[in-house]
>>> print(open('entry22.tsv').read())   # TSV, C-alpha atoms and all ligand atoms
chain	number	residue	atom	x	y	z
Y	1	MET	CA	-59.63	45.33	-113.60
Y	2	ALA	CA	-61.05	41.97	-112.52
Y	3	ASN	CA	-63.79	42.35	-115.13
Y	4	GLN	CA	-61.30	43.40	-117.79
Y	5	VAL	CA	-58.94	40.51	-117.02
Y	6	SER	CA	-61.92	38.12	-117.21
Y	7	LEU	CA	-63.02	39.59	-120.55
Y	8	LYS	CA	-59.52	39.14	-121.91
Y	9	ALA	CA	-59.30	35.55	-120.68
Y	10	HIS	CA	-62.69	34.60	-122.19
Y	11	THR	CA	-62.40	36.18	-125.63
Y	12	GLN	CA	-60.34	36.91	-128.70
Y	13	ALA	CA	-60.25	40.23	-130.56
Y	14	GLY	CA	-63.25	40.47	-132.86
Y	15	ASP	CA	-65.58	38.44	-130.64
Y	16	GLU	CA	-68.94	39.70	-129.49
Y	17	VAL	CA	-70.02	39.91	-125.87
Y	18	VAL	CA	-73.65	40.22	-124.77
Y	19	ALA	CA	-74.22	42.54	-121.83
Y	20	HIS	CA	-76.82	44.90	-120.39
Y	21	PRO	CA	-76.66	48.47	-121.79
Y	22	GLN	CA	-76.29	49.88	-118.26
Y	23	ALA	CA	-73.71	47.31	-117.16
Y	24	HIS	CA	-70.58	48.63	-115.48
Y	25	ILE	CA	-68.44	46.55	-117.85
Y	26	VAL	CA	-70.08	48.33	-120.81
Y	27	ARG	CA	-70.35	51.93	-119.67
Y	28	ALA	CA	-68.00	52.53	-116.76
Y	29	GLU	CA	-64.71	50.81	-117.56
Y	30	SER	CA	-63.37	53.36	-120.02
Y	31	ALA	CA	-64.16	51.25	-123.10
Y	32	GLY	CA	-61.69	48.65	-121.79
Y	33	GLY	CA	-63.50	45.85	-123.64
Y	34	ALA	CA	-62.75	47.54	-126.98
Y	35	ALA	CA	-59.32	48.90	-126.08
Y	36	ILE	CA	-57.82	45.92	-124.26
Y	37	SER	CA	-59.63	42.87	-125.61
Y	38	GLY	CA	-60.89	44.17	-128.97
Y	39	VAL	CA	-64.39	42.88	-128.29
Y	40	HIS	CA	-67.69	44.31	-129.44
Y	41	PHE	CA	-70.59	44.56	-127.00
Y	42	ARG	CA	-74.13	43.70	-128.07
Y	43	THR	CA	-76.25	45.32	-125.40
Y	44	VAL	CA	-79.63	43.87	-124.48
Y	45	GLY	CA	-81.72	43.83	-121.32
Y	46	ASN	CA	-84.67	45.20	-119.42
Y	47	PRO	CA	-84.88	48.59	-117.66
Y	48	ASP	CA	-84.68	46.84	-114.26
Y	49	GLY	CA	-81.24	45.36	-115.03
Y	50	THR	CA	-82.39	41.85	-115.89
Y	51	MET	CA	-81.83	40.09	-119.21
Y	52	ALA	CA	-84.29	37.68	-120.79
Y	53	PRO	CA	-83.01	34.50	-122.47
Y	54	GLN	CA	-84.78	35.51	-125.68
Y	55	GLN	CA	-82.89	38.80	-125.71
Y	56	VAL	CA	-79.64	36.83	-125.76
Y	57	LEU	CA	-80.93	34.62	-128.56
Y	58	ASP	CA	-82.00	37.71	-130.53
Y	59	VAL	CA	-78.40	38.93	-130.83
Y	60	TYR	CA	-76.61	35.57	-130.77
Y	61	GLN	CA	-74.36	34.87	-133.75
Y	62	ALA	CA	-72.85	31.47	-134.32
Y	63	GLY	CA	-69.84	32.72	-136.26
Y	64	ASP	CA	-70.68	30.73	-139.40
Y	65	ASP	CA	-71.38	33.81	-141.53
Y	66	PRO	CA	-68.32	35.94	-142.29
Y	67	HIS	CA	-70.40	39.12	-142.02
Y	68	TYR	CA	-70.97	38.67	-138.33
Y	69	ALA	CA	-68.71	38.45	-135.31
Y	70	PRO	CA	-69.14	35.28	-133.27
Y	71	THR	CA	-70.81	35.62	-129.88
Y	72	ARG	CA	-68.46	34.29	-127.21
Y	73	LEU	CA	-69.59	35.51	-123.83
Y	74	VAL	CA	-72.63	36.72	-121.89
Y	75	CYS	CA	-72.11	39.06	-118.91
Y	76	LEU	CA	-74.59	39.68	-116.13
Y	77	GLU	CA	-74.28	42.12	-113.22
Y	78	ASN	CA	-75.69	41.37	-109.75
Y	79	THR	CA	-76.62	43.48	-107.98
Y	80	HIS	CA	-77.13	45.81	-110.91
Y	81	ASN	CA	-75.52	49.06	-109.89
Y	82	ALA	CA	-77.01	51.52	-112.41
Y	83	CYS	CA	-80.46	49.91	-112.20
Y	84	GLY	CA	-81.00	50.80	-108.56
Y	85	GLY	CA	-79.03	47.95	-107.00
Y	86	LYS	CA	-81.47	45.39	-108.39
Y	87	ALA	CA	-80.90	41.90	-106.97
Y	88	ILE	CA	-81.41	39.47	-109.83
Y	89	GLY	CA	-82.96	36.19	-108.75
Y	90	LEU	CA	-81.58	32.71	-109.31
Y	91	ALA	CA	-84.40	31.65	-111.66
Y	92	GLU	CA	-83.70	34.54	-114.02
Y	93	ILE	CA	-79.97	33.84	-113.95
Y	94	GLU	CA	-80.47	30.14	-114.57
Y	95	ALA	CA	-82.71	30.88	-117.54
Y	96	VAL	CA	-79.94	32.94	-119.18
Y	97	ALA	CA	-77.37	30.31	-118.21
Y	98	ARG	CA	-79.40	27.61	-119.99
Y	99	VAL	CA	-79.35	29.60	-123.23
Y	100	ALA	CA	-75.63	30.30	-122.85
Y	101	ARG	CA	-74.89	26.60	-122.34
Y	102	GLU	CA	-77.11	25.62	-125.25
Y	103	LYS	CA	-75.17	27.97	-127.54
Y	104	GLY	CA	-71.74	27.15	-126.13
Y	105	LEU	CA	-71.22	30.64	-124.67
Y	106	ALA	CA	-69.31	31.43	-121.52
Y	107	LEU	CA	-71.20	33.23	-118.75
Y	108	HIS	CA	-69.50	35.87	-116.60
Y	109	LEU	CA	-70.90	37.66	-113.56
Y	110	ASP	CA	-69.85	41.13	-112.52
Y	111	GLY	CA	-70.53	40.34	-108.89
Y	112	ALA	CA	-69.00	43.49	-107.44
Y	113	ARG	CA	-71.98	43.42	-105.04
Y	114	LEU	CA	-72.86	39.72	-105.32
Y	115	LEU	CA	-73.11	39.30	-101.56
Y	116	ASN	CA	-75.66	42.14	-101.37
Y	117	ALA	CA	-77.79	40.12	-103.80
Y	118	CYS	CA	-77.31	36.95	-101.72
Y	119	ILE	CA	-78.37	38.71	-98.52
Y	120	ALA	CA	-81.34	40.46	-100.15
Y	121	LEU	CA	-82.62	37.25	-101.76
Y	122	ASP	CA	-81.49	34.89	-98.99
Y	123	VAL	CA	-79.60	32.68	-101.42
Y	124	LYS	CA	-76.24	31.13	-100.55
Y	125	PRO	CA	-73.27	32.58	-102.50
Y	126	GLU	CA	-72.26	29.16	-103.84
Y	127	ARG	CA	-75.72	28.69	-105.36
Y	128	MET	CA	-75.65	32.14	-106.87
Y	129	ALA	CA	-72.18	31.48	-108.30
Y	130	ALA	CA	-72.90	28.01	-109.69
Y	131	PRO	CA	-74.40	28.99	-113.08
Y	132	PHE	CA	-71.35	31.08	-114.02
Y	133	ASP	CA	-68.04	30.21	-115.65
Y	134	SER	CA	-66.42	33.16	-113.92
Y	135	LEU	CA	-67.30	35.91	-111.51
Y	136	THR	CA	-65.74	38.96	-109.95
Y	137	LEU	CA	-66.44	40.29	-106.45
Y	138	CYS	CA	-65.31	43.50	-104.71
Y	139	PHE	CA	-64.06	43.40	-101.14
Y	140	SER	CA	-64.36	47.15	-100.88
Y	141	LYS	CA	-67.81	48.69	-101.39
Y	142	GLY	CA	-70.33	47.21	-98.96
Y	143	LEU	CA	-67.92	44.64	-97.54
Y	144	GLY	CA	-65.77	47.48	-96.26
Y	145	ALA	CA	-62.24	46.28	-97.00
Y	146	PRO	CA	-59.96	49.11	-98.11
Y	147	VAL	CA	-59.23	47.65	-101.54
Y	148	GLY	CA	-59.38	44.53	-103.66
Y	149	SER	CA	-61.44	42.23	-105.84
Y	150	ILE	CA	-61.27	38.57	-106.77
Y	151	ILE	CA	-62.00	36.51	-109.83
Y	152	ALA	CA	-63.47	33.06	-109.29
Y	153	GLY	CA	-63.54	30.40	-111.98
Y	154	ARG	CA	-62.09	27.06	-113.04
Y	155	ARG	CA	-58.40	26.54	-112.48
Y	156	ASP	CA	-57.35	26.81	-116.14
Y	157	PHE	CA	-59.31	30.05	-116.45
Y	158	ILE	CA	-57.67	31.49	-113.33
Y	159	VAL	CA	-54.23	30.55	-114.69
Y	160	ARG	CA	-55.02	32.57	-117.83
Y	161	CYS	CA	-56.30	35.44	-115.68
Y	162	ALA	CA	-53.10	35.47	-113.61
Y	163	ARG	CA	-51.11	35.92	-116.80
Y	164	PHE	CA	-53.29	38.80	-118.02
Y	165	ARG	CA	-53.25	40.40	-114.58
Y	166	LYS	CA	-49.46	40.42	-114.80
Y	167	MET	CA	-49.61	41.76	-118.36
Y	168	PHE	CA	-51.94	44.59	-117.26
Y	169	GLY	CA	-49.52	45.57	-114.51
Y	170	GLY	CA	-51.57	44.19	-111.65
Y	171	GLY	CA	-49.20	41.53	-110.29
Y	172	THR	CA	-49.08	43.09	-106.83
Y	173	ARG	CA	-46.33	41.53	-104.70
Y	174	GLN	CA	-47.56	43.01	-101.43
Y	175	ALA	CA	-51.11	41.63	-101.68
Y	176	GLY	CA	-50.98	39.66	-98.41
Y	177	ILE	CA	-51.90	42.55	-96.16
Y	178	LEU	CA	-54.77	43.42	-98.49
Y	179	ALA	CA	-55.92	39.80	-98.60
Y	180	GLU	CA	-56.06	39.75	-94.80
Y	181	ALA	CA	-58.38	42.78	-94.80
Y	182	ALA	CA	-60.57	41.02	-97.38
Y	183	ARG	CA	-60.60	37.88	-95.22
Y	184	HIS	CA	-61.75	39.98	-92.27
Y	185	ALA	CA	-64.51	41.51	-94.41
Y	186	LEU	CA	-65.74	38.06	-95.48
Y	187	ALA	CA	-65.72	36.82	-91.90
Y	188	HIS	CA	-67.44	39.84	-90.29
Y	189	HIS	CA	-69.18	42.04	-92.84
Y	190	VAL	CA	-71.47	39.82	-94.89
Y	191	GLU	CA	-74.51	39.30	-92.65
Y	192	ARG	CA	-74.49	42.95	-91.70
Y	193	LEU	CA	-75.19	43.97	-95.33
Y	194	ALA	CA	-78.84	43.59	-94.27
Y	195	GLU	CA	-78.37	46.72	-92.12
Y	196	ASP	CA	-77.23	48.68	-95.19
Y	197	HIS	CA	-80.31	47.47	-97.06
Y	198	ALA	CA	-82.60	48.53	-94.21
Y	199	ASN	CA	-80.89	51.95	-94.03
Y	200	ALA	CA	-81.24	52.45	-97.78
Y	201	ARG	CA	-84.90	51.53	-97.64
Y	202	ARG	CA	-85.57	53.88	-94.71
Y	203	LEU	CA	-83.82	56.69	-96.57
Y	204	ALA	CA	-85.80	56.03	-99.75
Y	205	GLU	CA	-89.10	55.82	-97.87
Y	206	GLY	CA	-88.35	59.04	-96.01
Y	207	LEU	CA	-87.46	60.88	-99.21
Y	208	ARG	CA	-90.58	59.60	-100.94
Y	209	GLU	CA	-92.79	60.61	-98.00
Y	210	THR	CA	-91.87	64.25	-98.62
Y	211	GLY	CA	-93.95	64.00	-101.80
Y	212	LYS	CA	-91.29	66.14	-103.48
Y	213	VAL	CA	-88.80	63.46	-104.41
Y	214	GLU	CA	-89.05	60.80	-107.08
Y	215	LEU	CA	-87.35	57.39	-106.92
Y	216	PRO	CA	-86.79	56.29	-110.53
Y	217	TYR	CA	-86.18	52.67	-109.46
Y	218	GLY	CA	-88.70	52.61	-106.62
Y	219	LEU	CA	-87.77	51.44	-103.14
Y	220	PRO	CA	-84.35	49.76	-103.06
Y	221	GLU	CA	-83.91	46.02	-102.68
Y	222	THR	CA	-80.31	46.48	-101.57
Y	223	ASN	CA	-78.06	49.42	-100.68
Y	224	ILE	CA	-78.46	51.82	-103.63
Y	225	VAL	CA	-80.96	54.69	-103.71
Y	226	PHE	CA	-81.51	56.80	-106.82
Y	227	PHE	CA	-83.56	59.94	-106.29
Y	228	ARG	CA	-84.38	63.29	-107.83
Y	229	SER	CA	-86.25	66.33	-106.64
Y	230	THR	CA	-89.57	67.08	-108.31
Y	231	HIS	CA	-90.03	70.25	-106.23
Y	232	PRO	CA	-90.84	73.18	-108.55
Y	233	ARG	CA	-88.31	75.47	-106.81
Y	234	VAL	CA	-85.97	73.26	-104.80
Y	235	THR	CA	-84.14	71.74	-107.74
Y	236	GLN	CA	-81.87	68.75	-107.31
Y	237	ASP	CA	-78.89	71.11	-107.20
Y	238	ARG	CA	-80.46	73.21	-104.46
Y	239	LEU	CA	-81.38	70.14	-102.46
Y	240	LEU	CA	-77.83	68.78	-102.73
Y	241	ASP	CA	-76.44	72.22	-101.76
Y	242	ALA	CA	-78.61	72.25	-98.63
Y	243	LEU	CA	-77.36	68.79	-97.67
Y	244	LYS	CA	-73.80	69.86	-98.35
Y	245	THR	CA	-74.00	72.77	-95.93
Y	246	GLU	CA	-74.73	70.15	-93.24
Y	247	GLY	CA	-71.75	68.04	-94.31
Y	248	ILE	CA	-73.79	65.49	-96.27
Y	249	LEU	CA	-72.07	65.12	-99.61
Y	250	ILE	CA	-73.98	63.51	-102.48
Y	251	GLY	CA	-72.71	63.17	-106.04
Y	252	ARG	CA	-74.32	65.04	-108.92
Y	253	SER	CA	-75.08	63.36	-112.20
Y	254	LYS	CA	-75.67	64.81	-115.64
Y	255	GLY	CA	-79.26	63.66	-115.74
Y	256	GLY	CA	-80.18	65.30	-112.40
Y	257	THR	CA	-80.66	61.98	-110.61
Y	258	SER	CA	-78.37	61.27	-107.67
Y	259	ARG	CA	-77.23	57.99	-106.24
Y	260	ILE	CA	-76.70	57.25	-102.57
Y	261	VAL	CA	-75.06	54.01	-101.44
Y	262	THR	CA	-75.26	52.87	-97.83
Y	263	HIS	CA	-72.34	50.98	-96.32
Y	264	LEU	CA	-70.77	50.11	-93.00
Y	265	ASP	CA	-69.69	53.68	-92.25
Y	266	VAL	CA	-73.30	54.91	-92.43
Y	267	ASP	CA	-75.73	54.15	-89.61
Y	268	ALA	CA	-79.42	54.72	-88.88
Y	269	HIS	CA	-78.63	58.08	-87.19
Y	270	ASP	CA	-76.93	59.31	-90.36
Y	271	ILE	CA	-80.02	58.33	-92.32
Y	272	GLU	CA	-82.36	60.21	-89.96
Y	273	ARG	CA	-80.11	63.27	-90.03
Y	274	THR	CA	-80.04	63.21	-93.84
Y	275	LEU	CA	-83.82	62.98	-93.92
Y	276	ARG	CA	-84.18	65.88	-91.46
Y	277	VAL	CA	-82.01	68.13	-93.58
Y	278	ALA	CA	-83.73	67.06	-96.82
Y	279	ARG	CA	-87.20	67.65	-95.32
Y	280	ARG	CA	-86.19	71.08	-94.07
Y	281	ALA	CA	-84.79	72.07	-97.48
Y	282	LEU	CA	-87.87	70.81	-99.29
Y	283	THR	CA	-90.36	72.55	-96.98
Y	284	ALA	CA	-88.42	75.83	-96.78
Y	285	GLY	CA	-88.45	76.01	-100.59
Y	301	LIG	C1	-71.02	46.80	-110.90
Y	301	LIG	C2	-69.59	47.20	-110.69
Y	301	LIG	N1	-68.62	46.45	-111.20
Y	301	LIG	C3	-67.33	46.75	-111.02
Y	301	LIG	C4	-66.96	47.83	-110.29
Y	301	LIG	C5	-65.50	48.08	-110.07
Y	301	LIG	O1	-65.13	49.27	-110.54
Y	301	LIG	P1	-63.81	50.03	-110.07
Y	301	LIG	O2	-62.81	49.73	-111.10
Y	301	LIG	O3	-64.26	51.43	-110.07
Y	301	LIG	O4	-63.45	49.52	-108.74
Y	301	LIG	C6	-67.93	48.67	-109.75
Y	301	LIG	C7	-67.56	49.88	-109.00
Y	301	LIG	O5	-68.31	50.79	-108.82
Y	301	LIG	C8	-69.28	48.35	-109.95
Y	301	LIG	O6	-70.27	49.09	-109.45
>>> encode(input="entry22.tsv", output="structure tokens")
Amino acid sequence: MANQVSLKAHTQAGDEVVAHPQAHIVRAESAGGAAISGVHFRTVGNPDGTMAPQQVLDVYQAGDDPHYAPTRLVCLENTHNACGGKAIGLAEIEAVARVAREKGLALHLDGARLLNACIALDVKPERMAAPFDSLTLCFSKGLGAPVGSIIAGRRDFIVRCARFRKMFGGGTRQAGILAEAARHALAHHVERLAEDHANARRLAEGLRETGKVELPYGLPETNIVFFRSTHPRVTQDRLLDALKTEGILIGRSKGGTSRIVTHLDVDAHDIERTLRVARRALTAG
């Protein structure tokens, strides 16, 4: 909702928005950009989740030709969820920001996992946020609060967002108790994201060492591991079934690649146990 409110506050119906084809705002928000804001996405980017400045320029439209919708906004996502939790570096972000500024476009960050990127790259959040006109950040996910996200931006933008939040039905009166949980998460759960990253890496390394599992995005930089079985008999489904019998539940995707996300309820013992069960399933097959 924070992304959708931001989209609404940045654009008018009929505008174009540049975003990565695998971005959450494009593929996992129920076509909210089209349905709520009436915007059209132009999707560009690299397989690793990054976007090159030239790719933005390639689809940029000034709005001076009536055939073409004006480009209004560029959206980045960091870390990039569907691209293996890729942490996009400041230099790459600043390069896109320069093009956006040059063309008078707003720049929005889906920073659901922004603090994972900051920890992985050892960059301060304020530096990572600086190139953007707006950003969203989730207090749940790795930060471990039960619920909630924020939008950050200039005051006039936030005033517009508050109106759209109300319009969308999100003007929660009882937000104080939720805000306190988020405050706790910010105070106590940021530095420890490094543990999630180490756990994800250990899990990915262990799976890869079996020689029967492929990691489409390689070893994780942050807390997201994508993997699939390449075993001729122990298919992904069979591997996930074996894990399930031991109480380790992993989602199934259409393409046969699964995604595991480490967080503060998962520790190094859980990782070793998962690897033991996976190894057993893969060798028994
Ligand atoms: C990159 C990204 N943005 C935003 C969200 C927020 O989505 P939701 O509405 O499911 O909380 C998520 C959640 O998975 C996400 O991964």
>>> closest_atom_pairs(input="entry22.tsv", of="chain Y", to="ligand LIG 301 (chain Y)", cutoff="6 Å", atoms="all atoms listed in the file", output="JSON lines")
{"residue": "Y:Met1", "atom": "CA", "partner": "Y:LIG301", "partner_atom": "O2", "distance": 6.0}
{"residue": "Y:His24", "atom": "CA", "partner": "Y:LIG301", "partner_atom": "C1", "distance": 5.0}
{"residue": "Y:Asn81", "atom": "CA", "partner": "Y:LIG301", "partner_atom": "C1", "distance": 5.1}
{"residue": "Y:Asp110", "atom": "CA", "partner": "Y:LIG301", "partner_atom": "N1", "distance": 5.6}
{"residue": "Y:Ala112", "atom": "CA", "partner": "Y:LIG301", "partner_atom": "N1", "distance": 4.8}
>>> residues_around(input="entry22.tsv", residues="segment 211-227 of chain Y", least_positions_apart="5", cutoff="6 Å", atoms="all atoms listed in the file", output="list in words")
Gly84, Gly85, Asp196, His197, Ala200, Arg201, Thr257, Ser258, Arg259, Ile260, Val261 and Thr262 of chain Y
>>> write_last_selection(input="entry22.tsv", atoms="C-alpha atoms", output="compact mmCIF listing (two decimals), keeping the file's coordinate frame")
# COMPACT_ATOMS: atom_id res chain seq x y z
CA GLY Y 84 -81.00 50.80 -108.56
CA GLY Y 85 -79.03 47.95 -107.00
CA ASP Y 196 -77.23 48.68 -95.19
CA HIS Y 197 -80.31 47.47 -97.06
CA ALA Y 200 -81.24 52.45 -97.78
CA ARG Y 201 -84.90 51.53 -97.64
CA THR Y 257 -80.66 61.98 -110.61
CA SER Y 258 -78.37 61.27 -107.67
CA ARG Y 259 -77.23 57.99 -106.24
CA ILE Y 260 -76.70 57.25 -102.57
CA VAL Y 261 -75.06 54.01 -101.44
CA THR Y 262 -75.26 52.87 -97.83
>>> atom_distance(input="entry22.tsv", atom1="atom CA of Val190 of chain Y", atom2="atom CA of Ile88 of chain Y")
17.9 Å
>>> residues_near_point(input="entry22.tsv", point="(-71.4, 33.1, -108.9)", cutoff="9 Å", atoms="all atoms listed in the file", output="list in words")
His108, Leu109, Asp110, Gly111, Leu114, Pro125, Glu126, Arg127, Met128, Ala129, Ala130, Pro131, Phe132, Asp133, Ser134, Leu135, Thr136, Ala152 and Gly153 of chain Y
>>> closest_residue(input="entry22.tsv", among="Y:Gln4, Y:Ser140, Y:Asn46, Y:Asn199", to="Ala179 of chain Y", atoms="only C-alpha atoms")
Y:Ser140
>>> closest_residue(input="entry22.tsv", among="Y:Glu195, Y:Glu209, Y:Glu94, Y:Asp241", to="Ala268 of chain Y", atoms="only C-alpha atoms")
Y:Glu195
>>> atom_distance(input="entry22.tsv", atom1="atom CA of Pro232 of chain Y", atom2="atom CA of Leu282 of chain Y")
10.0 Å
>>> residues_around(input="entry22.tsv", residues="Leu275 of chain Y", least_positions_apart="3", cutoff="9 Å", atoms="all atoms listed in the file", output="number ranges by chain")
Y: 203, 206-207, 270-272, 278-280
>>> residues_around(input="entry22.tsv", residues="Val56 of chain Y", least_positions_apart="6", cutoff="9 Å", atoms="only C-alpha atoms", output="JSON list (two decimals) with C-alpha atoms, in the coordinates of the input")
[["chain", "number", "residue", "atom", "x", "y", "z"],
["Y", 18, "VAL", "CA", -73.65, 40.22, -124.77],
["Y", 19, "ALA", "CA", -74.22, 42.54, -121.83],
["Y", 44, "VAL", "CA", -79.63, 43.87, -124.48],
["Y", 45, "GLY", "CA", -81.72, 43.83, -121.32],
["Y", 74, "VAL", "CA", -72.63, 36.72, -121.89],
["Y", 96, "VAL", "CA", -79.94, 32.94, -119.18],
["Y", 99, "VAL", "CA", -79.35, 29.60, -123.23],
["Y", 100, "ALA", "CA", -75.63, 30.30, -122.85]]
>>> atom_distance(input="entry22.tsv", atom1="atom CA of Arg154 of chain Y", atom2="atom CA of Ala106 of chain Y")
12.0 Å
>>> closest_residue(input="entry22.tsv", among="Y:Met167, Y:Val266, Y:Val277, Y:Ala28", to="Thr245 of chain Y", atoms="all atoms listed in the file")
Y:Val277
>>> closest_residue(input="entry22.tsv", among="Y:Cys138, Y:Leu57, Y:Ala82, Y:Ala2", to="Arg98 of chain Y", atoms="only C-alpha atoms")
Y:Leu57
>>> residues_near_point(input="entry22.tsv", point="(-71.2, 28.7, -133.1)", cutoff="8 Å", atoms="only C-alpha atoms", output="list in words")
Gln61, Ala62, Gly63, Asp64, Pro70, Thr71, Lys103 and Gly104 of chain Y
>>> residues_around(input="entry22.tsv", residues="Lys8 of chain Y", least_positions_apart="2", cutoff="9 Å", atoms="only C-alpha atoms", output="list of chain:residue names")
Y:Asn3, Y:Gln4, Y:Val5, Y:Ser6, Y:His10, Y:Thr11, Y:Gln12, Y:Ala13, Y:Gly33, Y:Ile36, Y:Ser37, Y:Gly38, Y:Val39, Y:Arg160, Y:Cys161, Y:Phe164
>>> axis_aligned_box(input="entry22.tsv", around="segment 60-63 of chain Y", padding_each_side="6 Å", output="JSON")
{"center_x": -73.2, "center_y": 33.5, "center_z": -133.5, "size_x": 18.8, "size_y": 16.1, "size_z": 17.5}
>>> residues_around(input="entry22.tsv", residues="Asn116 of chain Y", least_positions_apart="4", cutoff="8 Å", atoms="only C-alpha atoms", output="PyMOL selection string")
chain Y and resi 79+87+120+142+193-194+222-223
>>> closest_residue(input="entry22.tsv", among="Y:Asp267, Y:Ala281, Y:Thr43, Y:Glu205", to="Ala242 of chain Y", atoms="only C-alpha atoms")
Y:Ala281
>>> decode(input="entry22.tsv", residues="segment 141-147 of chain Y", atoms="all heavy atoms", output="short mmCIF file (atom, residue, chain, number, x, y, z; two decimals), in the first residue's frame")
data_model
loop_
_atom_site.label_atom_id
_atom_site.label_comp_id
_atom_site.auth_asym_id
_atom_site.auth_seq_id
_atom_site.Cartn_x
_atom_site.Cartn_y
_atom_site.Cartn_z
N LYS Y 141 8.92 -8.10 7.78
CA LYS Y 141 10.04 -8.75 7.07
C LYS Y 141 11.24 -8.85 8.03
O LYS Y 141 11.06 -9.14 9.20
CB LYS Y 141 10.38 -8.00 5.78
CG LYS Y 141 9.16 -7.85 4.86
CD LYS Y 141 9.53 -7.43 3.48
CE LYS Y 141 8.36 -7.57 2.53
NZ LYS Y 141 7.23 -6.68 2.85
N GLY Y 142 12.42 -8.56 7.53
CA GLY Y 142 13.63 -8.79 8.33
C GLY Y 142 13.67 -8.02 9.64
O GLY Y 142 14.28 -8.46 10.62
N LEU Y 143 13.03 -6.86 9.68
CA LEU Y 143 13.10 -6.06 10.91
C LEU Y 143 12.25 -6.65 12.03
O LEU Y 143 12.41 -6.29 13.20
CB LEU Y 143 12.69 -4.61 10.64
CG LEU Y 143 13.67 -3.80 9.79
CD1 LEU Y 143 13.21 -2.36 9.67
CD2 LEU Y 143 15.07 -3.85 10.38
N GLY Y 144 11.30 -7.51 11.67
CA GLY Y 144 10.63 -8.32 12.68
C GLY Y 144 9.48 -7.68 13.42
O GLY Y 144 8.95 -8.28 14.36
N ALA Y 145 9.05 -6.48 13.04
CA ALA Y 145 7.84 -5.93 13.67
C ALA Y 145 6.64 -6.69 13.10
O ALA Y 145 6.72 -7.26 12.01
CB ALA Y 145 7.72 -4.44 13.38
N PRO Y 146 5.53 -6.73 13.85
CA PRO Y 146 4.41 -7.53 13.35
C PRO Y 146 3.77 -6.98 12.09
O PRO Y 146 3.17 -7.73 11.32
CB PRO Y 146 3.42 -7.53 14.52
CG PRO Y 146 3.85 -6.44 15.43
CD PRO Y 146 5.30 -6.21 15.20
N VAL Y 147 3.85 -5.69 11.86
CA VAL Y 147 3.12 -5.09 10.74
C VAL Y 147 3.66 -3.68 10.52
O VAL Y 147 4.23 -3.08 11.42
CB VAL Y 147 1.60 -5.05 11.08
CG1 VAL Y 147 1.32 -4.20 12.30
CG2 VAL Y 147 0.75 -4.55 9.92
#
